[in-house]
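Novice: Quick one: structure below, then a few questions.
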Amino acid sequence: ELKKRAMAIFEGRKRRGGSVFLQMHGDYLRAKDSVLLGPVLAKAGDTSNTYDIMFADTCQKINRRGVDHERIVIVTKTHMHLISPPLSKPVGKFACPITALQGLSMSTMADGVVIVHTAEVDQLIILNKKAELATVLLRQRQTLGAPELPLSFSDTITHKVRGQGILPSRSLTEITVMFQESAQCPRRTIQHHFEAGNKRKLIIEVPPDMCSQARYQLNNRISTGRAVRAIAAEVRTGAAASAPKASPL
């Protein structure tokens, strides 16, 4: 069901790679087994039991200075969290009720960038399971009886951050995030940097295999049947060979 919904919300709006056929498993890190995670969730106002974790996986967060930080993204029945790893010593870095999220923004390319919009600071993260994350958030939002979570797809996105500098002000400022295809990027790898002399324009370079050469373009329909099963088997084989190890508990 989740996979069908992900196909429906992305079709014609975002290019897709072979990962479209991977099964969705939710908790990829066995976060439910972490005895130290519950207090971290509770401190953020999330009364969910760890058994209520709907999604957990690693991601990279890009901060306001353009620096990457490893995070764990967790979705419970009521909240979305970003946790500093490992799960044996988790530290909460961001939490927001799912009903308070203001939207998700992604490019039209097959990259894993997701910008999570809130009333305060937005969160720019990169993860392999962006379709599953978006689908789980949409479903939980509906379950909670909140209005549908807005999804937008554009190669130019506005991203709210705290003021720049060593001692940033509490006021919000906006960064423009621009996605560009670049033949200089290695396959399946994105790169990012600020425009020269402009800390308010973040350039995300995407390789051709995630853009003009992606398996599914914006005008393609994702077919079904025997061909899909063959491609799915191929994708699973490749994913198993390159799958990252789960964070230690």
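Simple scheme: letters A, B, ... for chains in structure tokens order, numbers from 1 for residues in each chain, numbers from 1 for ligands in the order shown.
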If you count only C-alpha atoms, which residues fall within 12 Å of range 152-154 of chain A, apart from same-chain ones fewer than 6 positions away, as a PyMOL selection string?

Specialist: chain A and resi 9-15+102-111+113-117+134+176-180+218

Novice: Would you kindly return, as a list in words, each protein, DNA or RNA residue with an atom no farther than 10 Å from any atom of Leu37 in chain A, considering only C-alpha atoms and excluding same-chain residues fewer than 4 positions away?

Specialist: Ala31, Lys32, Asp33, Leu41, Ala42, Asn49, Thr50, Ile83, Leu87, Ser88, Lys89, Pro90, Val91, Gly92 and Leu249 of chain A

Novice: Please produce an output containing C-alpha atoms for each residue in the selection, written as a PDB file, in the first residue's frame.

Specialist:
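Printed below is out36.pdb as written:
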```
ATOM      1  CA  ALA A  31      15.145   1.795  16.683  1.00  0.00           C
ATOM      2  CA  LYS A  32      12.236   0.086  18.451  1.00  0.00           C
ATOM      3  CA  ASP A  33      14.837  -1.902  20.409  1.00  0.00           C
ATOM      4  CA  LEU A  41      11.288  11.311  22.432  1.00  0.00           C
ATOM      5  CA  ALA A  42       9.479  12.136  25.672  1.00  0.00           C
ATOM      6  CA  ASN A  49       6.110   4.322  22.826  1.00  0.00           C
ATOM      7  CA  THR A  50       9.186   3.245  20.861  1.00  0.00           C
ATOM      8  CA  ILE A  83      18.381  12.413  16.379  1.00  0.00           C
ATOM      9  CA  LEU A  87      21.162   4.973  19.098  1.00  0.00           C
ATOM     10  CA  SER A  88      23.238   3.770  22.045  1.00  0.00           C
ATOM     11  CA  LYS A  89      23.624   7.455  22.995  1.00  0.00           C
ATOM     12  CA  PRO A  90      20.872   9.390  21.184  1.00  0.00           C
ATOM     13  CA  VAL A  91      20.576  13.165  21.398  1.00  0.00           C
ATOM     14  CA  GLY A  92      17.491  14.952  20.142  1.00  0.00           C
ATOM     15  CA  LEU A 249      22.114   0.140  19.714  1.00  0.00           C
TER      16      LEU A 249
END
```

Novice: Expressed in Å to a single decimal, how great is the separation between CA of Arg64 in chain A and CA of Asp122 in chain A?

Specialist: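 Answer for the CA of Arg64 in chain A to CA of Asp122 in chain A separation: 10.0 Å.
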
Novice: Which residue, A:Lys93, A:Lys199, A:Lys77, A:Lys129, has the smallest gap to Ala44 in chain A when you use only C-alpha atoms?

Specialist: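 For Ala44 in chain A, the nearest of the given residues is A:Lys93.
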
Novice: Report as a PyMOL selection string: the residues of range 3-230 of chain A with a DSSP assignment of strand (DSSP E), based on the backbone of this structure.

Specialist: chain A and resi 55-62+68-75+79-84+91-97+103-106+113-117+123-126+151-153+156-162+172-181+191-195+198-206

Novice: Tell me which protein, DNA and RNA residues are within 10 Å of range 57-63 of chain A, counting only C-alpha atoms, leaving out same-chain ones fewer than 4 positions away, and put them as a count of residues only.

Specialist: 39

Novice: Could you give me the residues within range 52-168 of chain A that DSSP places in helix (DSSP H, G or I), as JSON, numbers by chain?

Specialist: {"A": [52, 98, 99, 100, 130, 131, 132, 133, 134, 135, 136, 137, 138, 139, 140, 141, 142, 143]}

Novice: Quick one: write out the picked residues with N, CA and C atoms as an mmCIF file, in the first residue's frame?

Specialist:
```cif
data_model
loop_
_atom_site.group_PDB
_atom_site.id
_atom_site.type_symbol
_atom_site.label_atom_id
_atom_site.label_comp_id
_atom_site.auth_asym_id
_atom_site.auth_seq_id
_atom_site.Cartn_x
_atom_site.Cartn_y
_atom_site.Cartn_z
ATOM 1 N N ASP A 52 5.877 2.469 18.675
ATOM 2 C CA ASP A 52 5.065 3.248 17.737
ATOM 3 C C ASP A 52 5.911 3.881 16.631
ATOM 4 N N ILE A 98 3.619 16.000 13.787
ATOM 5 C CA ILE A 98 3.304 15.822 12.364
ATOM 6 C C ILE A 98 2.207 16.795 11.934
ATOM 7 N N THR A 99 1.278 17.086 12.832
ATOM 8 C CA THR A 99 0.187 18.007 12.489
ATOM 9 C C THR A 99 0.665 19.446 12.337
ATOM 10 N N ALA A 100 1.874 19.763 12.849
ATOM 11 C CA ALA A 100 2.412 21.129 12.767
ATOM 12 C C ALA A 100 3.347 21.319 11.578
ATOM 13 N N LYS A 130 13.559 8.736 0.690
ATOM 14 C CA LYS A 130 12.728 9.942 0.752
ATOM 15 C C LYS A 130 11.268 9.649 0.410
ATOM 16 N N ALA A 131 11.013 8.708 -0.514
ATOM 17 C CA ALA A 131 9.637 8.391 -0.884
ATOM 18 C C ALA A 131 8.894 7.764 0.286
ATOM 19 N N GLU A 132 9.568 6.873 1.004
ATOM 20 C CA GLU A 132 8.920 6.233 2.146
ATOM 21 C C GLU A 132 8.677 7.232 3.267
ATOM 22 N N LEU A 133 9.655 8.105 3.529
ATOM 23 C CA LEU A 133 9.464 9.128 4.554
ATOM 24 C C LEU A 133 8.249 9.989 4.235
ATOM 25 N N ALA A 134 8.173 10.489 3.010
ATOM 26 C CA ALA A 134 7.057 11.352 2.621
ATOM 27 C C ALA A 134 5.728 10.618 2.732
ATOM 28 N N THR A 135 5.702 9.362 2.314
ATOM 29 C CA THR A 135 4.464 8.596 2.323
ATOM 30 C C THR A 135 3.998 8.316 3.745
ATOM 31 N N VAL A 136 4.943 7.989 4.635
ATOM 32 C CA VAL A 136 4.585 7.744 6.036
ATOM 33 C C VAL A 136 4.040 9.015 6.684
ATOM 34 N N LEU A 137 4.676 10.148 6.422
ATOM 35 C CA LEU A 137 4.193 11.411 6.991
ATOM 36 C C LEU A 137 2.801 11.759 6.474
ATOM 37 N N LEU A 138 2.573 11.545 5.182
ATOM 38 C CA LEU A 138 1.249 11.804 4.613
ATOM 39 C C LEU A 138 0.192 10.918 5.260
ATOM 40 N N ARG A 139 0.516 9.643 5.422
ATOM 41 C CA ARG A 139 -0.452 8.711 6.000
ATOM 42 C C ARG A 139 -0.749 9.042 7.456
ATOM 43 N N GLN A 140 0.302 9.330 8.234
ATOM 44 C CA GLN A 140 0.084 9.638 9.646
ATOM 45 C C GLN A 140 -0.673 10.945 9.812
ATOM 46 N N ARG A 141 -0.395 11.892 8.952
ATOM 47 C CA ARG A 141 -1.124 13.171 8.998
ATOM 48 C C ARG A 141 -2.618 12.925 8.778
ATOM 49 N N GLN A 142 -2.926 12.081 7.823
ATOM 50 C CA GLN A 142 -4.320 11.745 7.544
ATOM 51 C C GLN A 142 -4.945 11.007 8.728
ATOM 52 N N THR A 143 -4.193 10.077 9.319
ATOM 53 C CA THR A 143 -4.686 9.324 10.467
ATOM 54 C C THR A 143 -5.013 10.244 11.633
#
```

Novice: Using only C-alpha atoms, which residue out of A:Arg5, A:Arg187, A:His25, A:Arg200 lies closest to Thr158 in chain A?

Specialist: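 Distance minimum relative to Thr158 in chain A lands on A:Arg200.
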
Novice: I'd like the neighbourhood of Ser182 in chain A as a ChimeraX atom specification, where a residue qualifies if any of its atoms comes within 9 Å (using only C-alpha atoms), though same-chain residues fewer than 5 positions away should be ignored.

Specialist: /A:205-208

Novice: One decimal, in Å: what's the spacing between CA of Ser212 in chain A and CA of Gly17 in chain A?

Specialist: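 About the pair CA of Ser212 in chain A and CA of Gly17 in chain A: they are 11.3 Å apart.
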